[in-house]
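**Q** Please find one structure pasted underneath; my questions will follow.
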Number of protein chains: 2
Amino acid sequence: MGTTQLEPVPEPKYWHLRTVLSEALDSEFSVGEILPNERELAARFGVARATLRQALEQLELEGRLQRRRGVGTTVAPPRVGVAVGTEQQAWPGAHDDAWQPADCVLAVPPAVVAATLETGRDEPVHTVRRSRVSHGQTVAAELLHVPAVSVPGLTTVGAPSGPARARAVLRELQRLDLEGGHRSVELGSAGADDAKELDRLPGAPVLVVTTRFVAAGRTAALSVATYRADTCRLTFGDFGGVEIDEEPEQRAS
Amino acid sequence: MGTTQLEPVPEPKYWHLRTVLSEALDSEFSVGEILPNERELAARFGVARATLRQALEQLELEGRLQRRRGVGTTVAPPRVGVAVGTEQQAWPGAHDDAWQPADCVLAVPPAVVAATLETGRDEPVHTVRRSRVSHGQTVAAELLHVPAVSVPGLTTVGAPSGPARARAVLRELQRLDLEGGHRSVELGSAGADDAKELDRLPGAPVLVVTTRFVAAGRTAALSVATYRADTCRLTFGDFGGVEIDEEPEQRAS
DNA sequence: GAGTGGTCTAGACCACCAC
DNA sequence: TGGTGGTCTAGACCACTCA
């Protein structure tokens, strides 16, 4: 990348710059290596820093770069494959499913959640917070909403919140017969809470995986999991029974 | 949204602005309505246009807004659900699968594709271009790579490329026994070709769905489909057999 | 041609990290 | 304390759409 200046092209500068940098990453850099800082790169290519940053943002979105304030810009490793399709037939919390319960509160959820759960207004819902660690990094944060009526066996004594409560809710869930469910994936941006949990800035792109679990003819639980879009590739289990190579999934304990 | 000025807050201005605008969208605007232009909005909130644009970009990423050069910024309709999990057990092109073949070329694919296909260097591969239309809008563009050896029955006479060729390749594919496959989803940005097809600008965020189809013990086809991340929510069919309400999918006749 | 969003600039200051 | 990326500004010009 010792070259300087960009030849004039019809496409936007930042887009061309993205291409040039991308090729440089392929040929001249190795994973983990740190790039020259933004001011230097901008000068080297003869563009404003804002323009250079537009190109870097693209590359970060594509998982090619990793930027950390106060540190620098480094070449990102390939995205890690994270399995989200295999535990389809089981409740959350079943025989340790790669998720680590962190907290639990009992409250009336936001309107949009209540609507999806088909719970009434003012109907209390357990909200379990969990996180998922893979390859030594927190890759996802989840809010699992469980209407109180779905876990009637839950003893109302003891801790009303906290990790212990979370585990109790998950345990009660196993008692129900899982009839089915439904899953969708869309792009979102990390809220303040998720961003902190994922070690990203607010607004960072995330893949939102929404899973509805059905038992006794109604929605018994709703999971909203946000995965770091920069570092994760969501994999949906093999179909047809053929084994394909896949990164081993590091489970929580 | 008649209010002006932002109260000082510790969080970044663009993030706070995003929140304020988001709430305004919920309460004061309806789908399709056009917002005041960027210069006016920036003045109204007392920020630079670049800062306002950062907030708008967030909201567009979340599928709340739609911006079109020369036209304006409008309130986006809710994301459309696009089914990607139902046709798991069938080859691409089976009894019309919502995809419309557009073109086909026979050539040596880029190295990364060849590696995934496990084809040798210089081994020719049919690359079929298809597009998917839903709710009257092109929501996805696909490149389907089929090694020439996977469709040995394909007569080498006649059109070497074009839609007719594409259909011929898909037809030949049906003759193979589909043994299995594998699917993953990740975030990407639209290249120039895809961007044009999807009516977006280069670099627009897309959900990249990669599907590997296995037959006769090897990868017989590789589909790389890019979905508009701003307007699409990918849905993976129900598991457990319970029927859940879902938008009807508009198929390409 | 008027009005929109898209690109680009040259600067300033801030928040964070490591030494 | 020095260096990094993150935020923000006030402007300019361009590309596109539509009346």
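We name chains A, B, ... following the order of the structure tokens; residues begin at 1 in each chain, and ligands are numbered from 1 as shown.
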So that I can check the surroundings of Leu21 (chain A), please list as an MDAnalysis selection string every protein, DNA and RNA residue that reaches within 10 Å of it, counting only C-alpha atoms (C1' of nucleotides) and ignoring chain neighbours fewer than 4 positions away.

**A** chainID A and resid 1 15:17 25:28 55:56 59

**Q** Neighbours of Pro78 (chain A) within 12 Å (only C-alpha atoms (C1' of nucleotides); same-chain residues fewer than 4 positions away dropped), as number ranges by chain?

**A** A: 26, 30-32, 60, 62-66, 230-233, 247; B: 186

**Q** Can I get the selected residues back with N, CA and C atoms, as a compact mmCIF listing (two decimals), in the first residue's frame?

**A**
# COMPACT_ATOMS: atom_id res chain seq x y z
N ASP A 26 -5.87 -7.68 1.33
CA ASP A 26 -5.69 -9.05 0.86
C ASP A 26 -4.22 -9.38 0.65
N SER A 30 -1.65 -8.89 7.25
CA SER A 30 -2.09 -10.15 7.84
C SER A 30 -2.97 -9.83 9.05
N VAL A 31 -3.74 -10.84 9.46
CA VAL A 31 -4.71 -10.65 10.53
C VAL A 31 -4.05 -10.10 11.79
N GLY A 32 -4.67 -9.07 12.35
CA GLY A 32 -4.17 -8.52 13.60
C GLY A 32 -3.23 -7.35 13.41
N GLU A 60 -15.25 -2.04 7.81
CA GLU A 60 -15.57 -2.56 9.14
C GLU A 60 -16.91 -3.28 9.10
N GLU A 62 -18.08 -4.82 6.70
CA GLU A 62 -17.89 -6.10 6.02
C GLU A 62 -17.05 -7.07 6.83
N GLY A 63 -16.65 -6.63 8.01
CA GLY A 63 -15.88 -7.53 8.87
C GLY A 63 -14.42 -7.62 8.51
N ARG A 64 -13.94 -6.70 7.70
CA ARG A 64 -12.55 -6.76 7.28
C ARG A 64 -11.63 -6.03 8.26
N LEU A 65 -12.16 -5.04 8.92
CA LEU A 65 -11.36 -4.22 9.84
C LEU A 65 -12.00 -4.16 11.21
N GLN A 66 -11.19 -3.82 12.17
CA GLN A 66 -11.68 -3.63 13.52
C GLN A 66 -11.05 -2.33 14.01
N ASP A 230 -20.47 -7.39 12.81
CA ASP A 230 -19.14 -7.26 12.24
C ASP A 230 -18.33 -8.55 12.37
N THR A 231 -18.58 -9.29 13.42
CA THR A 231 -17.72 -10.45 13.68
C THR A 231 -18.42 -11.80 13.50
N CYS A 232 -19.74 -11.77 13.31
CA CYS A 232 -20.47 -13.05 13.29
C CYS A 232 -21.04 -13.40 11.93
N ARG A 233 -21.01 -14.70 11.66
CA ARG A 233 -21.75 -15.24 10.52
C ARG A 233 -22.69 -16.28 11.12
N GLU A 247 -16.81 -24.45 12.12
CA GLU A 247 -16.00 -24.15 13.30
C GLU A 247 -16.66 -24.75 14.54
N GLU B 186 -24.96 -13.48 6.84
CA GLU B 186 -24.07 -12.47 7.41
C GLU B 186 -24.36 -11.12 6.76

**Q** Which residues, written as a list in words, have at least one atom at most 12 Å from DG5 (chain D), with only C-alpha atoms (C1' of nucleotides) counted and residues fewer than 2 positions away on the same chain left out?

**A**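 Listing them by chain and then by number gives Pro36, Asn37, Glu38, Arg39, Arg49, Ala50, Arg53, Leu56, Glu57, Gln66, Arg67, Arg68, Arg69, Gly70, Val71, Gly72, Thr73, Thr74 and Leu201 of chain A; DC14, DA15, DC16 and DC17 of chain C; DG3 and DT7 of chain D.
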
**Q** Since we have the selection now, will you write its residues out, keeping N, CA and C atoms (P, O5', C5', C4', C3', O3' and C1' of nucleotides), as a short mmCIF file (atom, residue, chain, number, x, y, z; two decimals), in the first residue's frame?

**A**
data_model
loop_
_atom_site.label_atom_id
_atom_site.label_comp_id
_atom_site.auth_asym_id
_atom_site.auth_seq_id
_atom_site.Cartn_x
_atom_site.Cartn_y
_atom_site.Cartn_z
N PRO A 36 -1.80 2.10 9.39
CA PRO A 36 -1.43 3.48 9.72
C PRO A 36 -2.67 4.22 10.23
N ASN A 37 -2.47 5.25 11.01
CA ASN A 37 -3.64 5.93 11.56
C ASN A 37 -4.39 6.71 10.49
N GLU A 38 -5.59 7.13 10.84
CA GLU A 38 -6.49 7.72 9.85
C GLU A 38 -5.93 8.99 9.21
N ARG A 39 -5.29 9.82 10.03
CA ARG A 39 -4.76 11.08 9.47
C ARG A 39 -3.67 10.78 8.44
N ARG A 49 -10.05 13.41 5.89
CA ARG A 49 -10.16 12.31 6.83
C ARG A 49 -11.57 11.73 6.83
N ALA A 50 -12.57 12.58 6.68
CA ALA A 50 -13.96 12.09 6.68
C ALA A 50 -14.20 11.12 5.53
N ARG A 53 -12.61 7.89 6.34
CA ARG A 53 -13.39 7.18 7.35
C ARG A 53 -14.60 6.49 6.73
N LEU A 56 -13.33 3.27 5.54
CA LEU A 56 -13.03 2.36 6.65
C LEU A 56 -14.32 1.80 7.26
N GLU A 57 -15.34 2.65 7.33
CA GLU A 57 -16.62 2.18 7.88
C GLU A 57 -17.17 1.04 7.05
N GLN A 66 -11.19 -3.82 12.17
CA GLN A 66 -11.68 -3.63 13.52
C GLN A 66 -11.05 -2.33 14.01
N ARG A 67 -11.88 -1.42 14.48
CA ARG A 67 -11.34 -0.14 14.95
C ARG A 67 -11.63 0.03 16.42
N ARG A 68 -10.63 0.45 17.17
CA ARG A 68 -10.85 0.70 18.59
C ARG A 68 -10.27 2.04 18.99
N ARG A 69 -11.10 2.83 19.59
CA ARG A 69 -10.69 4.17 20.00
C ARG A 69 -9.51 4.10 20.95
N GLY A 70 -8.56 4.95 20.74
CA GLY A 70 -7.39 5.00 21.61
C GLY A 70 -6.35 3.96 21.26
N VAL A 71 -6.71 3.03 20.37
CA VAL A 71 -5.78 1.96 20.03
C VAL A 71 -5.34 2.06 18.57
N GLY A 72 -6.31 1.86 17.68
CA GLY A 72 -5.96 1.91 16.27
C GLY A 72 -6.88 1.02 15.45
N THR A 73 -6.54 0.89 14.18
CA THR A 73 -7.32 0.07 13.26
C THR A 73 -6.52 -1.18 12.92
N THR A 74 -7.14 -2.32 13.12
CA THR A 74 -6.44 -3.58 12.87
C THR A 74 -7.20 -4.42 11.84
N LEU A 201 -19.83 0.44 20.11
CA LEU A 201 -20.45 1.74 20.34
C LEU A 201 -21.94 1.66 20.03
P DC C 14 -12.95 20.07 24.08
"O5'" DC C 14 -13.53 18.58 24.04
"C5'" DC C 14 -14.78 18.32 23.40
"C4'" DC C 14 -15.01 16.82 23.34
"C3'" DC C 14 -14.58 16.08 24.61
"O3'" DC C 14 -15.60 15.18 24.99
"C1'" DC C 14 -13.54 15.12 22.72
P DA C 15 -15.48 14.40 26.35
"O5'" DA C 15 -15.08 12.91 25.94
"C5'" DA C 15 -15.94 12.17 25.09
"C4'" DA C 15 -15.40 10.76 24.93
"C3'" DA C 15 -14.99 10.07 26.22
"O3'" DA C 15 -15.29 8.70 26.07
"C1'" DA C 15 -13.10 10.31 24.84
P DC C 16 -15.13 7.73 27.32
"O5'" DC C 16 -13.84 6.89 26.94
"C5'" DC C 16 -13.84 6.16 25.72
"C4'" DC C 16 -12.43 5.81 25.38
"C3'" DC C 16 -11.68 5.04 26.47
"O3'" DC C 16 -11.54 3.70 26.03
"C1'" DC C 16 -10.33 6.71 25.41
P DC C 17 -10.96 2.62 27.02
"O5'" DC C 17 -9.44 2.50 26.58
"C5'" DC C 17 -9.13 2.30 25.21
"C4'" DC C 17 -7.63 2.40 25.02
"C3'" DC C 17 -6.80 1.66 26.06
"O3'" DC C 17 -6.00 0.70 25.39
"C1'" DC C 17 -6.03 3.91 25.79
P DG D 3 2.70 11.95 19.68
"O5'" DG D 3 1.60 10.87 19.30
"C5'" DG D 3 1.84 9.50 19.61
"C4'" DG D 3 0.55 8.73 19.43
"C3'" DG D 3 -0.19 9.09 18.14
"O3'" DG D 3 -0.56 7.90 17.45
"C1'" DG D 3 -1.64 9.20 19.99
P DT D 7 -19.07 8.29 17.33
"O5'" DT D 7 -18.95 9.88 17.42
"C5'" DT D 7 -19.08 10.50 18.69
"C4'" DT D 7 -18.95 11.98 18.53
"C3'" DT D 7 -20.07 12.66 17.72
"O3'" DT D 7 -20.71 13.57 18.58
"C1'" DT D 7 -17.93 13.49 17.11
#

**Q** Using DSSP on the backbone coordinates, identify all residues within region 10-225 of chain B classified as helix (DSSP H, G or I); present the result as a CSV table (one decimal) with N, CA, C and O atoms, in the first residue's frame.

**A**
chain,number,residue,atom,x,y,z
B,13,LYS,N,-24.7,13.6,20.1
B,13,LYS,CA,-25.8,14.3,19.6
B,13,LYS,C,-26.6,13.5,18.6
B,13,LYS,O,-27.8,13.4,18.6
B,14,TYR,N,-25.8,12.8,17.7
B,14,TYR,CA,-26.5,12.1,16.6
B,14,TYR,C,-27.4,10.9,17.2
B,14,TYR,O,-28.4,10.6,16.7
B,15,TRP,N,-26.9,10.4,18.3
B,15,TRP,CA,-27.6,9.3,18.9
B,15,TRP,C,-28.9,9.7,19.6
B,15,TRP,O,-29.9,9.1,19.5
B,16,HIS,N,-28.7,10.8,20.3
B,16,HIS,CA,-29.9,11.4,20.9
B,16,HIS,C,-30.9,11.9,19.8
B,16,HIS,O,-32.1,11.6,20.0
B,17,LEU,N,-30.4,12.4,18.8
B,17,LEU,CA,-31.3,12.9,17.7
B,17,LEU,C,-32.0,11.7,17.1
B,17,LEU,O,-33.2,11.8,16.8
B,18,ARG,N,-31.3,10.6,17.0
B,18,ARG,CA,-31.9,9.4,16.5
B,18,ARG,C,-33.1,9.0,17.3
B,18,ARG,O,-34.2,8.7,16.8
B,19,THR,N,-32.9,9.1,18.6
B,19,THR,CA,-34.0,8.7,19.6
B,19,THR,C,-35.2,9.7,19.4
B,19,THR,O,-36.4,9.2,19.4
B,20,VAL,N,-34.9,10.9,19.4
B,20,VAL,CA,-35.9,11.9,19.3
B,20,VAL,C,-36.7,11.7,18.0
B,20,VAL,O,-38.0,11.7,18.0
B,21,LEU,N,-36.0,11.6,16.9
B,21,LEU,CA,-36.7,11.4,15.6
B,21,LEU,C,-37.5,10.1,15.6
B,21,LEU,O,-38.6,10.1,15.1
B,22,SER,N,-36.9,9.1,16.2
B,22,SER,CA,-37.6,7.8,16.2
B,22,SER,C,-39.0,7.9,16.9
B,22,SER,O,-40.0,7.4,16.5
B,23,GLU,N,-39.0,8.6,18.0
B,23,GLU,CA,-40.2,8.8,18.8
B,23,GLU,C,-41.2,9.7,18.0
B,23,GLU,O,-42.4,9.4,18.0
B,24,ALA,N,-40.6,10.7,17.3
B,24,ALA,CA,-41.5,11.5,16.4
B,24,ALA,C,-42.1,10.7,15.3
B,24,ALA,O,-43.3,10.8,15.0
B,25,LEU,N,-41.4,9.7,14.8
B,25,LEU,CA,-41.9,8.9,13.7
B,25,LEU,C,-43.0,8.0,14.2
B,25,LEU,O,-44.0,7.9,13.5
B,26,ASP,N,-42.9,7.6,15.4
B,26,ASP,CA,-43.9,6.7,16.0
B,26,ASP,C,-45.2,7.5,16.2
B,26,ASP,O,-46.3,7.0,16.0
B,27,SER,N,-45.1,8.7,16.7
B,27,SER,CA,-46.3,9.4,17.1
B,27,SER,C,-46.9,10.4,16.1
B,27,SER,O,-48.0,10.7,16.2
B,28,GLU,N,-46.0,11.0,15.3
B,28,GLU,CA,-46.5,12.1,14.5
B,28,GLU,C,-46.5,11.8,13.0
B,28,GLU,O,-46.9,12.7,12.2
B,38,GLU,N,-33.3,17.7,4.7
B,38,GLU,CA,-32.2,17.6,5.7
B,38,GLU,C,-31.8,19.0,6.2
B,38,GLU,O,-31.5,19.2,7.4
B,39,ARG,N,-31.7,20.0,5.3
B,39,ARG,CA,-31.2,21.3,5.7
B,39,ARG,C,-32.2,21.9,6.7
B,39,ARG,O,-31.8,22.5,7.7
B,40,GLU,N,-33.5,21.7,6.5
B,40,GLU,CA,-34.5,22.3,7.4
B,40,GLU,C,-34.4,21.5,8.7
B,40,GLU,O,-34.5,22.2,9.8
B,41,LEU,N,-34.4,20.2,8.7
B,41,LEU,CA,-34.3,19.5,9.9
B,41,LEU,C,-33.1,19.8,10.8
B,41,LEU,O,-33.2,20.0,12.0
B,42,ALA,N,-32.0,19.9,10.1
B,42,ALA,CA,-30.7,20.3,10.8
B,42,ALA,C,-30.9,21.6,11.5
B,42,ALA,O,-30.6,21.8,12.7
B,43,ALA,N,-31.4,22.6,10.8
B,43,ALA,CA,-31.6,23.9,11.4
B,43,ALA,C,-32.6,23.8,12.5
B,43,ALA,O,-32.4,24.4,13.6
B,44,ARG,N,-33.6,23.0,12.4
B,44,ARG,CA,-34.7,22.9,13.4
B,44,ARG,C,-34.1,22.4,14.7
B,44,ARG,O,-34.5,22.8,15.8
B,45,PHE,N,-33.1,21.5,14.6
B,45,PHE,CA,-32.6,20.9,15.8
B,45,PHE,C,-31.3,21.6,16.2
B,45,PHE,O,-30.6,21.2,17.2
B,49,ARG,N,-25.6,19.7,9.3
B,49,ARG,CA,-26.3,18.7,8.4
B,49,ARG,C,-25.7,17.4,8.5
B,49,ARG,O,-26.4,16.3,8.5
B,50,ALA,N,-24.4,17.3,8.6
B,50,ALA,CA,-23.7,16.0,8.7
B,50,ALA,C,-24.1,15.2,9.9
B,50,ALA,O,-24.3,14.0,9.9
B,51,THR,N,-24.3,16.0,11.0
B,51,THR,CA,-24.8,15.3,12.3
B,51,THR,C,-26.2,14.7,12.1
B,51,THR,O,-26.5,13.6,12.5
B,52,LEU,N,-27.0,15.6,11.5
B,52,LEU,CA,-28.4,15.1,11.3
B,52,LEU,C,-28.4,13.8,10.4
B,52,LEU,O,-29.1,12.9,10.6
B,53,ARG,N,-27.5,13.9,9.4
B,53,ARG,CA,-27.4,12.8,8.4
B,53,ARG,C,-27.0,11.5,9.2
B,53,ARG,O,-27.5,10.4,8.8
B,54,GLN,N,-26.2,11.6,10.1
B,54,GLN,CA,-25.7,10.4,10.9
B,54,GLN,C,-26.9,9.8,11.6
B,54,GLN,O,-27.1,8.6,11.6
B,55,ALA,N,-27.8,10.6,12.1
B,55,ALA,CA,-29.0,10.1,12.8
B,55,ALA,C,-29.9,9.5,11.7
B,55,ALA,O,-30.5,8.4,11.9
B,56,LEU,N,-30.1,10.1,10.6
B,56,LEU,CA,-31.0,9.6,9.5
B,56,LEU,C,-30.4,8.2,9.0
B,56,LEU,O,-31.2,7.3,8.7
B,57,GLU,N,-29.1,8.1,8.9
B,57,GLU,CA,-28.5,6.9,8.5
B,57,GLU,C,-28.9,5.7,9.4
B,57,GLU,O,-29.2,4.6,9.0
B,58,GLN,N,-28.8,6.0,10.7
B,58,GLN,CA,-29.1,5.0,11.7
B,58,GLN,C,-30.6,4.5,11.4
B,58,GLN,O,-30.9,3.3,11.4
B,59,LEU,N,-31.5,5.5,11.3
B,59,LEU,CA,-32.9,5.1,11.2
B,59,LEU,C,-33.1,4.4,9.8
B,59,LEU,O,-34.0,3.5,9.8
B,60,GLU,N,-32.4,4.8,8.8
B,60,GLU,CA,-32.6,4.1,7.6
B,60,GLU,C,-32.1,2.6,7.7
B,60,GLU,O,-32.7,1.7,7.2
B,61,LEU,N,-30.9,2.5,8.4
B,61,LEU,CA,-30.4,1.1,8.7
B,61,LEU,C,-31.4,0.3,9.4
B,61,LEU,O,-31.5,-0.9,9.2
B,86,THR,N,-37.9,-22.3,3.8
B,86,THR,CA,-38.9,-23.3,3.4
B,86,THR,C,-38.4,-24.3,2.3
B,86,THR,O,-38.7,-25.4,2.3
B,87,GLU,N,-37.7,-23.7,1.3
B,87,GLU,CA,-37.4,-24.5,0.2
B,87,GLU,C,-36.0,-25.2,0.4
B,87,GLU,O,-35.3,-25.5,-0.5
B,88,GLN,N,-35.8,-25.5,1.7
B,88,GLN,CA,-34.5,-26.1,2.1
B,88,GLN,C,-34.3,-27.5,1.4
B,88,GLN,O,-33.2,-27.8,1.0
B,89,GLN,N,-35.4,-28.2,1.2
B,89,GLN,CA,-35.2,-29.6,0.7
B,89,GLN,C,-35.2,-29.7,-0.8
B,89,GLN,O,-35.2,-30.8,-1.3
B,111,ALA,N,-11.6,-16.7,-7.1
B,111,ALA,CA,-10.9,-17.7,-6.3
B,111,ALA,C,-11.7,-18.2,-5.1
B,111,ALA,O,-11.8,-19.3,-4.7
B,112,VAL,N,-12.4,-17.2,-4.4
B,112,VAL,CA,-13.1,-17.5,-3.2
B,112,VAL,C,-14.3,-18.4,-3.5
B,112,VAL,O,-14.6,-19.3,-2.7
B,113,VAL,N,-14.9,-18.3,-4.6
B,113,VAL,CA,-16.0,-19.2,-5.0
B,113,VAL,C,-15.5,-20.5,-5.3
B,113,VAL,O,-16.0,-21.6,-4.9
B,114,ALA,N,-14.4,-20.6,-6.1
B,114,ALA,CA,-13.8,-21.8,-6.5
B,114,ALA,C,-13.4,-22.6,-5.2
B,114,ALA,O,-13.6,-23.9,-5.2
B,115,ALA,N,-12.9,-21.9,-4.2
B,115,ALA,CA,-12.5,-22.6,-3.0
B,115,ALA,C,-13.6,-23.3,-2.3
B,115,ALA,O,-13.6,-24.4,-1.9
B,116,THR,N,-14.7,-22.5,-2.2
B,116,THR,CA,-15.9,-23.1,-1.5
B,116,THR,C,-16.5,-24.2,-2.3
B,116,THR,O,-17.0,-25.2,-1.7
B,117,LEU,N,-16.5,-24.1,-3.6
B,117,LEU,CA,-17.0,-25.2,-4.4
B,117,LEU,C,-16.1,-26.4,-4.5
B,117,LEU,O,-16.5,-27.5,-4.9
B,148,ALA,N,-19.6,-27.0,-13.9
B,148,ALA,CA,-20.0,-27.7,-15.1
B,148,ALA,C,-20.2,-29.2,-14.9
B,148,ALA,O,-21.0,-29.8,-15.5
B,149,VAL,N,-19.3,-29.8,-14.1
B,149,VAL,CA,-19.4,-31.2,-13.9
B,149,VAL,C,-20.6,-31.6,-13.1
B,149,VAL,O,-21.0,-32.8,-13.1
B,150,SER,N,-21.3,-30.7,-12.5
B,150,SER,CA,-22.5,-31.1,-11.8
B,150,SER,C,-23.7,-31.2,-12.7
B,150,SER,O,-24.7,-31.9,-12.4
B,163,PRO,N,-30.9,-16.0,-20.5
B,163,PRO,CA,-31.9,-16.6,-19.6
B,163,PRO,C,-32.2,-18.0,-20.0
B,163,PRO,O,-32.5,-18.9,-19.1
B,164,ALA,N,-32.2,-18.3,-21.3
B,164,ALA,CA,-32.6,-19.7,-21.7
B,164,ALA,C,-31.6,-20.6,-21.1
B,164,ALA,O,-31.9,-21.7,-20.6
B,165,ARG,N,-30.3,-20.2,-21.2
B,165,ARG,CA,-29.2,-21.1,-20.6
B,165,ARG,C,-29.4,-21.3,-19.1
B,165,ARG,O,-29.2,-22.4,-18.6
B,166,ALA,N,-29.8,-20.2,-18.5
B,166,ALA,CA,-30.0,-20.2,-17.0
B,166,ALA,C,-31.1,-21.3,-16.7
B,166,ALA,O,-30.9,-22.1,-15.8
B,167,ARG,N,-32.2,-21.2,-17.4
B,167,ARG,CA,-33.3,-22.2,-17.1
B,167,ARG,C,-32.8,-23.6,-17.4
B,167,ARG,O,-33.2,-24.6,-16.7
B,168,ALA,N,-32.0,-23.8,-18.4
B,168,ALA,CA,-31.5,-25.1,-18.8
B,168,ALA,C,-30.6,-25.7,-17.6
B,168,ALA,O,-30.7,-26.8,-17.2
B,169,VAL,N,-29.8,-24.8,-17.1
B,169,VAL,CA,-28.9,-25.2,-16.0
B,169,VAL,C,-29.8,-25.7,-14.8
B,169,VAL,O,-29.5,-26.7,-14.1
B,170,LEU,N,-30.8,-24.8,-14.5
B,170,LEU,CA,-31.6,-25.2,-13.3
B,170,LEU,C,-32.4,-26.5,-13.6
B,170,LEU,O,-32.6,-27.3,-12.6
B,171,ARG,N,-32.8,-26.7,-14.8
B,171,ARG,CA,-33.5,-27.9,-15.1
B,171,ARG,C,-32.6,-29.1,-14.9
B,171,ARG,O,-33.0,-30.1,-14.3
B,172,GLU,N,-31.4,-29.0,-15.3
B,172,GLU,CA,-30.4,-30.1,-15.2
B,172,GLU,C,-30.2,-30.5,-13.7
B,172,GLU,O,-30.0,-31.6,-13.3
B,173,LEU,N,-30.2,-29.4,-12.9
B,173,LEU,CA,-29.9,-29.6,-11.5
B,173,LEU,C,-31.0,-30.5,-10.9
B,173,LEU,O,-30.6,-31.3,-10.0
B,192,ALA,N,-21.4,-2.9,-6.8
B,192,ALA,CA,-22.0,-2.1,-7.8
B,192,ALA,C,-23.2,-2.8,-8.6
B,192,ALA,O,-24.3,-2.2,-8.7
B,193,ASP,N,-23.0,-4.1,-8.9
B,193,ASP,CA,-24.0,-4.8,-9.6
B,193,ASP,C,-25.2,-5.0,-8.8
B,193,ASP,O,-26.3,-4.7,-9.2
B,194,ASP,N,-25.0,-5.6,-7.6
B,194,ASP,CA,-26.2,-5.8,-6.7
B,194,ASP,C,-26.9,-4.5,-6.4
B,194,ASP,O,-28.1,-4.5,-6.4
B,195,ALA,N,-26.1,-3.5,-6.1
B,195,ALA,CA,-26.8,-2.2,-5.8
B,195,ALA,C,-27.7,-1.7,-6.9
B,195,ALA,O,-28.8,-1.3,-6.6
B,196,LYS,N,-27.3,-1.9,-8.1
B,196,LYS,CA,-28.1,-1.4,-9.2
B,196,LYS,C,-29.4,-2.3,-9.3
B,196,LYS,O,-30.5,-1.8,-9.4
B,197,GLU,N,-29.2,-3.6,-9.2
B,197,GLU,CA,-30.3,-4.5,-9.2
B,197,GLU,C,-31.3,-4.3,-8.1
B,197,GLU,O,-32.5,-4.4,-8.3

**Q** Would you mind reading off the distance between C1' of DA12 (chain C) and C1' of DT9 (chain D), one decimal, in Å?

**A**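 Distance reported for this atom pair: 8.0 Å.
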
**Q** What does the distance from C1' of DA18 (chain C) to CA of Val75 (chain A) come to in Å, to one decimal?

**A**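 Separation of C1' of DA18 (chain C) and CA of Val75 (chain A): 19.6 Å.
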
**Q** Between CA of Pro110 (chain A) and CA of Ala225 (chain A), measure the distance and give it in Å to one decimal.

**A**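 CA of Ala225 (chain A) lies at a distance of 16.0 Å from CA of Pro110 (chain A).
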
**Q** So that I can check the secondary structure, give me every residue of region 159-240 of chain A assigned strand (DSSP E) by backbone DSSP, as a PyMOL selection string.

**A** chain A and resi 180-189+205-215+218-228+232-239

**Q** Using C-alpha atoms, can you export the residues from the last selection as a JSON list (two decimals), in the first residue's frame?

**A**
[["chain", "number", "residue", "atom", "x", "y", "z"],
["A", 180, "GLY", "CA", -43.22, -25.27, 17.66],
["A", 181, "GLY", "CA", -41.90, -21.87, 16.90],
["A", 182, "HIS", "CA", -40.73, -19.45, 14.36],
["A", 183, "ARG", "CA", -37.53, -17.54, 13.69],
["A", 184, "SER", "CA", -36.51, -14.48, 11.74],
["A", 185, "VAL", "CA", -33.35, -12.47, 11.14],
["A", 186, "GLU", "CA", -33.03, -8.80, 10.38],
["A", 187, "LEU", "CA", -30.55, -5.97, 10.59],
["A", 188, "GLY", "CA", -30.65, -3.63, 13.55],
["A", 189, "SER", "CA", -28.45, -1.31, 15.49],
["A", 205, "PRO", "CA", -24.81, -2.95, 13.35],
["A", 206, "VAL", "CA", -26.26, -6.14, 14.78],
["A", 207, "LEU", "CA", -28.13, -9.12, 13.42],
["A", 208, "VAL", "CA", -31.35, -9.45, 15.34],
["A", 209, "VAL", "CA", -32.60, -13.01, 15.65],
["A", 210, "THR", "CA", -36.16, -13.18, 16.88],
["A", 211, "THR", "CA", -37.48, -16.54, 17.95],
["A", 212, "ARG", "CA", -40.98, -17.27, 19.08],
["A", 213, "PHE", "CA", -41.59, -20.42, 21.09],
["A", 214, "VAL", "CA", -45.06, -21.91, 21.14],
["A", 215, "ALA", "CA", -46.54, -24.16, 23.79],
["A", 218, "ARG", "CA", -49.82, -19.72, 22.56],
["A", 219, "THR", "CA", -46.51, -17.89, 22.54],
["A", 220, "ALA", "CA", -44.79, -19.14, 25.66],
["A", 221, "ALA", "CA", -41.52, -17.31, 25.18],
["A", 222, "LEU", "CA", -39.98, -14.73, 22.91],
["A", 223, "SER", "CA", -36.26, -14.49, 22.39],
["A", 224, "VAL", "CA", -34.69, -11.39, 20.87],
["A", 225, "ALA", "CA", -30.99, -11.98, 20.37],
["A", 226, "THR", "CA", -28.63, -9.40, 18.92],
["A", 227, "TYR", "CA", -25.42, -10.68, 17.35],
["A", 228, "ARG", "CA", -22.43, -8.52, 16.48],
["A", 232, "CYS", "CA", -20.47, -13.05, 13.29],
["A", 233, "ARG", "CA", -21.75, -15.24, 10.52],
["A", 234, "LEU", "CA", -24.95, -16.97, 11.56],
["A", 235, "THR", "CA", -25.07, -20.58, 10.50],
["A", 236, "PHE", "CA", -28.22, -22.61, 10.20],
["A", 237, "GLY", "CA", -27.65, -26.27, 10.72],
["A", 238, "ASP", "CA", -27.18, -28.61, 7.83],
["A", 239, "PHE", "CA", -30.28, -29.85, 6.15]]
